[in-house]
Each structure stands twice: as C-alpha cells, then as structure tokens.
Amino acid sequence: MTQEEYTEMLQQLKDGTIEQITVEQPDFMEFRKAWLTFNNRMSFVGEAGLNGTITYKYEPTEDNI
C-alpha cells in the first residue's frame with residue numbers, strides 16, 4: 001500500500017467508517033509516514049500480532065473527540 005492509501009484509511013478509521021486497519025510488517029514504513037501526518041496520532045492504538053502484523057484501532061482521548 002502507499003502512504004496516500006494509508007492516510008485515507010486512517011481518516012476513515014478516525015471517522016468511524018472502518019473499525020480497524022491491519023498493517024503487515026513490509027508495509028509498516030509507508031503506514032508510519034501516513035500516521036505521522038495526523039495531529040492526534042496517539043489516538044491510533046496498535047496491537048501487535050504474529051509475524052510483525054499490527055492491528056490499529058482509533059481510541060480518541062478527551063482532547064481530540
């Protein structure tokens with residue numbers, strides 16, 4: 001996936017259109033570039049899985065609801 005695709009997916013996650021994003025190890029750096037563009041990036045919480053897979057969910061804090 002590209003940085004632009006991940007940016008779109010992160011926005012959808014934030015908006016509640018999708019519930020989670022799964023990022024495979026080879027794609028992590030592209031995901032990270034997209035993630036860094038969000039001011040409230042700390043609200044995207046990742047859970048590590050097997051073989052370097054990470055599943056991200058959006059959990060807003062009171063500061064950025």
# chains A, B, ... in the order shown; residues from 1 in each chain; ligands from 1

$ residues_around --residues "Glu19 (chain A)" --least-positions-apart "5" --cutoff "9 Å" --atoms "only C-alpha atoms" --output "list in words"
Gln12, Leu13, Lys14, Tyr56, Lys57 and Tyr58 of chain A

$ write_last_selection --atoms "all heavy atoms" --output "compact mmCIF listing (two decimals), in the first residue's frame"
# COMPACT_ATOMS: atom_id res chain seq x y z
N GLN A 12 -10.56 7.32 7.55
CA GLN A 12 -11.77 6.51 7.68
C GLN A 12 -11.88 5.89 9.07
O GLN A 12 -12.97 5.83 9.64
CB GLN A 12 -11.78 5.40 6.62
CG GLN A 12 -11.96 5.89 5.22
CD GLN A 12 -11.80 4.79 4.20
OE1 GLN A 12 -11.40 3.67 4.52
NE2 GLN A 12 -12.13 5.09 2.95
N LEU A 13 -10.76 5.46 9.60
CA LEU A 13 -10.75 4.90 10.94
C LEU A 13 -11.15 5.95 11.96
O LEU A 13 -11.98 5.72 12.85
CB LEU A 13 -9.35 4.34 11.25
CG LEU A 13 -9.17 3.55 12.53
CD1 LEU A 13 -10.06 2.32 12.55
CD2 LEU A 13 -7.71 3.14 12.67
N LYS A 14 -10.60 7.14 11.82
CA LYS A 14 -10.92 8.25 12.70
C LYS A 14 -12.39 8.63 12.61
O LYS A 14 -13.05 8.90 13.61
CB LYS A 14 -10.05 9.45 12.37
CG LYS A 14 -10.29 10.64 13.24
CD LYS A 14 -9.41 11.80 12.84
CE LYS A 14 -9.78 13.02 13.65
NZ LYS A 14 -9.12 14.21 13.17
N TYR A 56 -4.52 -1.69 14.09
CA TYR A 56 -4.76 -0.38 14.67
C TYR A 56 -6.24 -0.10 14.80
O TYR A 56 -7.03 -0.42 13.92
CB TYR A 56 -4.12 0.71 13.80
CG TYR A 56 -2.63 0.73 13.89
CD1 TYR A 56 -1.86 -0.02 13.02
CD2 TYR A 56 -1.99 1.48 14.86
CE1 TYR A 56 -0.48 -0.02 13.11
CE2 TYR A 56 -0.61 1.49 14.96
CZ TYR A 56 0.14 0.73 14.08
OH TYR A 56 1.50 0.73 14.18
N LYS A 57 -6.60 0.51 15.93
CA LYS A 57 -7.95 0.99 16.18
C LYS A 57 -7.84 2.45 16.61
O LYS A 57 -6.78 2.90 17.02
CB LYS A 57 -8.63 0.17 17.28
CG LYS A 57 -8.82 -1.27 16.88
CD LYS A 57 -9.53 -2.05 17.94
CE LYS A 57 -9.72 -3.49 17.46
NZ LYS A 57 -10.43 -4.29 18.42
N TYR A 58 -8.94 3.16 16.52
CA TYR A 58 -8.95 4.57 16.91
C TYR A 58 -9.64 4.69 18.25
O TYR A 58 -10.80 4.29 18.40
CB TYR A 58 -9.68 5.41 15.86
CG TYR A 58 -9.62 6.89 16.14
CD1 TYR A 58 -8.44 7.59 15.97
CD2 TYR A 58 -10.73 7.59 16.60
CE1 TYR A 58 -8.36 8.95 16.22
CE2 TYR A 58 -10.66 8.95 16.86
CZ TYR A 58 -9.47 9.62 16.67
OH TYR A 58 -9.39 10.96 16.93

$ residues_around --residues "Tyr6 (chain A)" --least-positions-apart "5" --cutoff "10 Å" --atoms "only C-alpha atoms" --output "compact mmCIF listing (two decimals) with N, CA and C atoms, in the first residue's frame"
# COMPACT_ATOMS: atom_id res chain seq x y z
N MET A 1 0.84 -1.20 0.00
CA MET A 1 0.00 0.00 0.00
C MET A 1 0.87 1.24 0.00
N GLN A 11 -7.95 8.18 8.06
CA GLN A 11 -9.06 9.13 8.15
C GLN A 11 -10.38 8.40 8.30
N GLN A 12 -10.56 7.32 7.55
CA GLN A 12 -11.77 6.51 7.68
C GLN A 12 -11.88 5.89 9.07
N ILE A 21 -7.45 -1.19 11.09
CA ILE A 21 -6.52 -1.30 9.97
C ILE A 21 -5.49 -2.35 10.37
N VAL A 23 -1.83 -3.78 9.46
CA VAL A 23 -0.61 -3.42 8.74
C VAL A 23 0.37 -4.59 8.84
N ASP A 27 4.89 -3.32 5.07
CA ASP A 27 4.21 -2.05 4.77
C ASP A 27 4.32 -1.03 5.90
N GLU A 30 5.53 2.72 5.21
CA GLU A 30 4.56 3.55 4.48
C GLU A 30 3.42 3.95 5.41
N PHE A 31 2.97 3.02 6.23
CA PHE A 31 1.93 3.33 7.21
C PHE A 31 2.42 4.43 8.15
N ARG A 32 3.63 4.30 8.63
CA ARG A 32 4.19 5.26 9.59
C ARG A 32 4.24 6.68 9.01
N LYS A 33 4.61 6.79 7.73
CA LYS A 33 4.62 8.11 7.08
C LYS A 33 3.24 8.74 7.12
N ALA A 34 2.22 7.94 6.84
CA ALA A 34 0.84 8.45 6.87
C ALA A 34 0.44 8.79 8.31
N TRP A 35 0.75 7.93 9.24
CA TRP A 35 0.40 8.11 10.65
C TRP A 35 1.00 9.41 11.20

$ select_by_dssp --residues "region 22-63 of chain A" --states "strand (DSSP E)" --output "PyMOL selection string"
chain A and resi 22-23+44-48+54-58

$ write_last_selection --atoms "N, CA and C atoms" --output "JSON list (two decimals), in the first residue's frame"
[["chain", "number", "residue", "atom", "x", "y", "z"],
["A", 22, "THR", "N", -5.24, -3.27, 9.49],
["A", 22, "THR", "CA", -4.19, -4.26, 9.72],
["A", 22, "THR", "C", -3.00, -3.92, 8.84],
["A", 23, "VAL", "N", -1.83, -3.78, 9.46],
["A", 23, "VAL", "CA", -0.61, -3.42, 8.74],
["A", 23, "VAL", "C", 0.37, -4.59, 8.84],
["A", 44, "PHE", "N", -4.49, 6.58, 17.70],
["A", 44, "PHE", "CA", -4.46, 5.35, 16.92],
["A", 44, "PHE", "C", -3.64, 4.33, 17.70],
["A", 45, "VAL", "N", -4.31, 3.34, 18.23],
["A", 45, "VAL", "CA", -3.67, 2.38, 19.12],
["A", 45, "VAL", "C", -3.45, 1.08, 18.37],
["A", 46, "GLY", "N", -2.20, 0.61, 18.38],
["A", 46, "GLY", "CA", -1.86, -0.62, 17.69],
["A", 46, "GLY", "C", -1.70, -1.79, 18.64],
["A", 47, "GLU", "N", -2.12, -2.95, 18.15],
["A", 47, "GLU", "CA", -1.96, -4.19, 18.91],
["A", 47, "GLU", "C", -1.13, -5.15, 18.05],
["A", 48, "ALA", "N", 0.00, -5.58, 18.59],
["A", 48, "ALA", "CA", 0.90, -6.45, 17.84],
["A", 48, "ALA", "C", 0.31, -7.85, 17.70],
["A", 54, "ILE", "N", 0.37, -5.68, 12.75],
["A", 54, "ILE", "CA", -0.17, -4.78, 13.77],
["A", 54, "ILE", "C", -1.58, -4.38, 13.36],
["A", 55, "THR", "N", -2.51, -4.45, 14.30],
["A", 55, "THR", "CA", -3.88, -4.04, 14.07],
["A", 55, "THR", "C", -4.11, -2.74, 14.82],
["A", 56, "TYR", "N", -4.52, -1.69, 14.09],
["A", 56, "TYR", "CA", -4.76, -0.38, 14.67],
["A", 56, "TYR", "C", -6.24, -0.10, 14.80],
["A", 57, "LYS", "N", -6.60, 0.51, 15.93],
["A", 57, "LYS", "CA", -7.95, 0.99, 16.18],
["A", 57, "LYS", "C", -7.84, 2.45, 16.61],
["A", 58, "TYR", "N", -8.94, 3.16, 16.52],
["A", 58, "TYR", "CA", -8.95, 4.57, 16.91],
["A", 58, "TYR", "C", -9.64, 4.69, 18.25]]

$ closest_residue --among "A:Thr2, A:Leu36, A:Glu59, A:Met42" --to "Gln20 (chain A)" --atoms "only C-alpha atoms"
A:Glu59

$ atom_distance --atom1 "CA of Thr17 (chain A)" --atom2 "CA of Gly52 (chain A)"
25.1 Å

$ select_by_dssp --residues "chain A" --states "alpha helix (DSSP H)" --output "PyMOL selection string"
chain A and resi 3-15+28-35

$ decode --residues "region 17-43 of chain A" --atoms "N, CA and C atoms" --output "PDB file, in the first residue's frame"
ATOM      1  N   THR A  17     -15.769   5.105   9.826  1.00  0.00           N
ATOM      2  CA  THR A  17     -16.221   4.378   8.643  1.00  0.00           C
ATOM      3  C   THR A  17     -15.734   2.934   8.662  1.00  0.00           C
ATOM      4  N   ILE A  18     -14.513   2.731   9.156  1.00  0.00           N
ATOM      5  CA  ILE A  18     -13.969   1.385   9.330  1.00  0.00           C
ATOM      6  C   ILE A  18     -13.580   1.210  10.784  1.00  0.00           C
ATOM      7  N   GLU A  19     -13.481  -0.025  11.245  1.00  0.00           N
ATOM      8  CA  GLU A  19     -13.212  -0.291  12.656  1.00  0.00           C
ATOM      9  C   GLU A  19     -11.742  -0.497  12.973  1.00  0.00           C
ATOM     10  N   GLN A  20     -10.963  -0.974  11.983  1.00  0.00           N
ATOM     11  CA  GLN A  20      -9.558  -1.248  12.241  1.00  0.00           C
ATOM     12  C   GLN A  20      -8.773  -1.288  10.948  1.00  0.00           C
ATOM     13  N   ILE A  21      -7.448  -1.187  11.092  1.00  0.00           N
ATOM     14  CA  ILE A  21      -6.524  -1.304   9.972  1.00  0.00           C
ATOM     15  C   ILE A  21      -5.491  -2.349  10.374  1.00  0.00           C
ATOM     16  N   THR A  22      -5.238  -3.271   9.487  1.00  0.00           N
ATOM     17  CA  THR A  22      -4.188  -4.258   9.724  1.00  0.00           C
ATOM     18  C   THR A  22      -3.004  -3.923   8.837  1.00  0.00           C
ATOM     19  N   VAL A  23      -1.831  -3.785   9.463  1.00  0.00           N
ATOM     20  CA  VAL A  23      -0.614  -3.422   8.742  1.00  0.00           C
ATOM     21  C   VAL A  23       0.366  -4.589   8.838  1.00  0.00           C
ATOM     22  N   GLU A  24       0.812  -5.054   7.682  1.00  0.00           N
ATOM     23  CA  GLU A  24       1.810  -6.120   7.624  1.00  0.00           C
ATOM     24  C   GLU A  24       3.201  -5.512   7.762  1.00  0.00           C
ATOM     25  N   GLN A  25       4.127  -6.289   8.252  1.00  0.00           N
ATOM     26  CA  GLN A  25       5.484  -5.814   8.515  1.00  0.00           C
ATOM     27  C   GLN A  25       6.135  -5.100   7.320  1.00  0.00           C
ATOM     28  N   PRO A  26       6.066  -5.640   6.100  1.00  0.00           N
ATOM     29  CA  PRO A  26       6.730  -4.942   4.979  1.00  0.00           C
ATOM     30  C   PRO A  26       6.139  -3.564   4.669  1.00  0.00           C
ATOM     31  N   ASP A  27       4.891  -3.321   5.069  1.00  0.00           N
ATOM     32  CA  ASP A  27       4.214  -2.054   4.771  1.00  0.00           C
ATOM     33  C   ASP A  27       4.316  -1.033   5.902  1.00  0.00           C
ATOM     34  N   PHE A  28       4.965  -1.392   6.988  1.00  0.00           N
ATOM     35  CA  PHE A  28       4.937  -0.532   8.162  1.00  0.00           C
ATOM     36  C   PHE A  28       5.500   0.863   7.905  1.00  0.00           C
ATOM     37  N   MET A  29       6.582   0.998   7.174  1.00  0.00           N
ATOM     38  CA  MET A  29       7.184   2.321   6.975  1.00  0.00           C
ATOM     39  C   MET A  29       6.263   3.249   6.178  1.00  0.00           C
ATOM     40  N   GLU A  30       5.531   2.724   5.209  1.00  0.00           N
ATOM     41  CA  GLU A  30       4.562   3.547   4.476  1.00  0.00           C
ATOM     42  C   GLU A  30       3.425   3.951   5.407  1.00  0.00           C
ATOM     43  N   PHE A  31       2.970   3.020   6.232  1.00  0.00           N
ATOM     44  CA  PHE A  31       1.932   3.334   7.206  1.00  0.00           C
ATOM     45  C   PHE A  31       2.418   4.431   8.154  1.00  0.00           C
ATOM     46  N   ARG A  32       3.634   4.305   8.628  1.00  0.00           N
ATOM     47  CA  ARG A  32       4.189   5.264   9.590  1.00  0.00           C
ATOM     48  C   ARG A  32       4.237   6.680   9.008  1.00  0.00           C
ATOM     49  N   LYS A  33       4.609   6.791   7.733  1.00  0.00           N
ATOM     50  CA  LYS A  33       4.623   8.107   7.081  1.00  0.00           C
ATOM     51  C   LYS A  33       3.241   8.738   7.115  1.00  0.00           C
ATOM     52  N   ALA A  34       2.217   7.945   6.844  1.00  0.00           N
ATOM     53  CA  ALA A  34       0.838   8.450   6.874  1.00  0.00           C
ATOM     54  C   ALA A  34       0.437   8.790   8.305  1.00  0.00           C
ATOM     55  N   TRP A  35       0.754   7.926   9.236  1.00  0.00           N
ATOM     56  CA  TRP A  35       0.403   8.108  10.653  1.00  0.00           C
ATOM     57  C   TRP A  35       1.001   9.406  11.202  1.00  0.00           C
ATOM     58  N   LEU A  36       2.218   9.722  10.803  1.00  0.00           N
ATOM     59  CA  LEU A  36       2.889  10.927  11.296  1.00  0.00           C
ATOM     60  C   LEU A  36       2.220  12.217  10.844  1.00  0.00           C
ATOM     61  N   THR A  37       1.373  12.168   9.831  1.00  0.00           N
ATOM     62  CA  THR A  37       0.709  13.380   9.345  1.00  0.00           C
ATOM     63  C   THR A  37      -0.496  13.774  10.200  1.00  0.00           C
ATOM     64  N   PHE A  38      -0.926  12.914  11.118  1.00  0.00           N
ATOM     65  CA  PHE A  38      -2.095  13.184  11.958  1.00  0.00           C
ATOM     66  C   PHE A  38      -1.677  13.841  13.272  1.00  0.00           C
ATOM     67  N   ASN A  39      -2.326  14.957  13.623  1.00  0.00           N
ATOM     68  CA  ASN A  39      -2.033  15.638  14.879  1.00  0.00           C
ATOM     69  C   ASN A  39      -2.400  14.781  16.077  1.00  0.00           C
ATOM     70  N   ASN A  40      -3.448  14.001  15.960  1.00  0.00           N
ATOM     71  CA  ASN A  40      -3.920  13.187  17.076  1.00  0.00           C
ATOM     72  C   ASN A  40      -3.495  11.727  16.914  1.00  0.00           C
ATOM     73  N   ARG A  41      -2.301  11.522  16.389  1.00  0.00           N
ATOM     74  CA  ARG A  41      -1.831  10.170  16.092  1.00  0.00           C
ATOM     75  C   ARG A  41      -1.762   9.250  17.300  1.00  0.00           C
ATOM     76  N   MET A  42      -1.690   9.807  18.501  1.00  0.00           N
ATOM     77  CA  MET A  42      -1.617   8.964  19.695  1.00  0.00           C
ATOM     78  C   MET A  42      -2.959   8.278  19.977  1.00  0.00           C
ATOM     79  N   SER A  43      -4.017   8.688  19.303  1.00  0.00           N
ATOM     80  CA  SER A  43      -5.316   8.047  19.458  1.00  0.00           C
ATOM     81  C   SER A  43      -5.441   6.788  18.607  1.00  0.00           C
TER      82      SER A  43
END
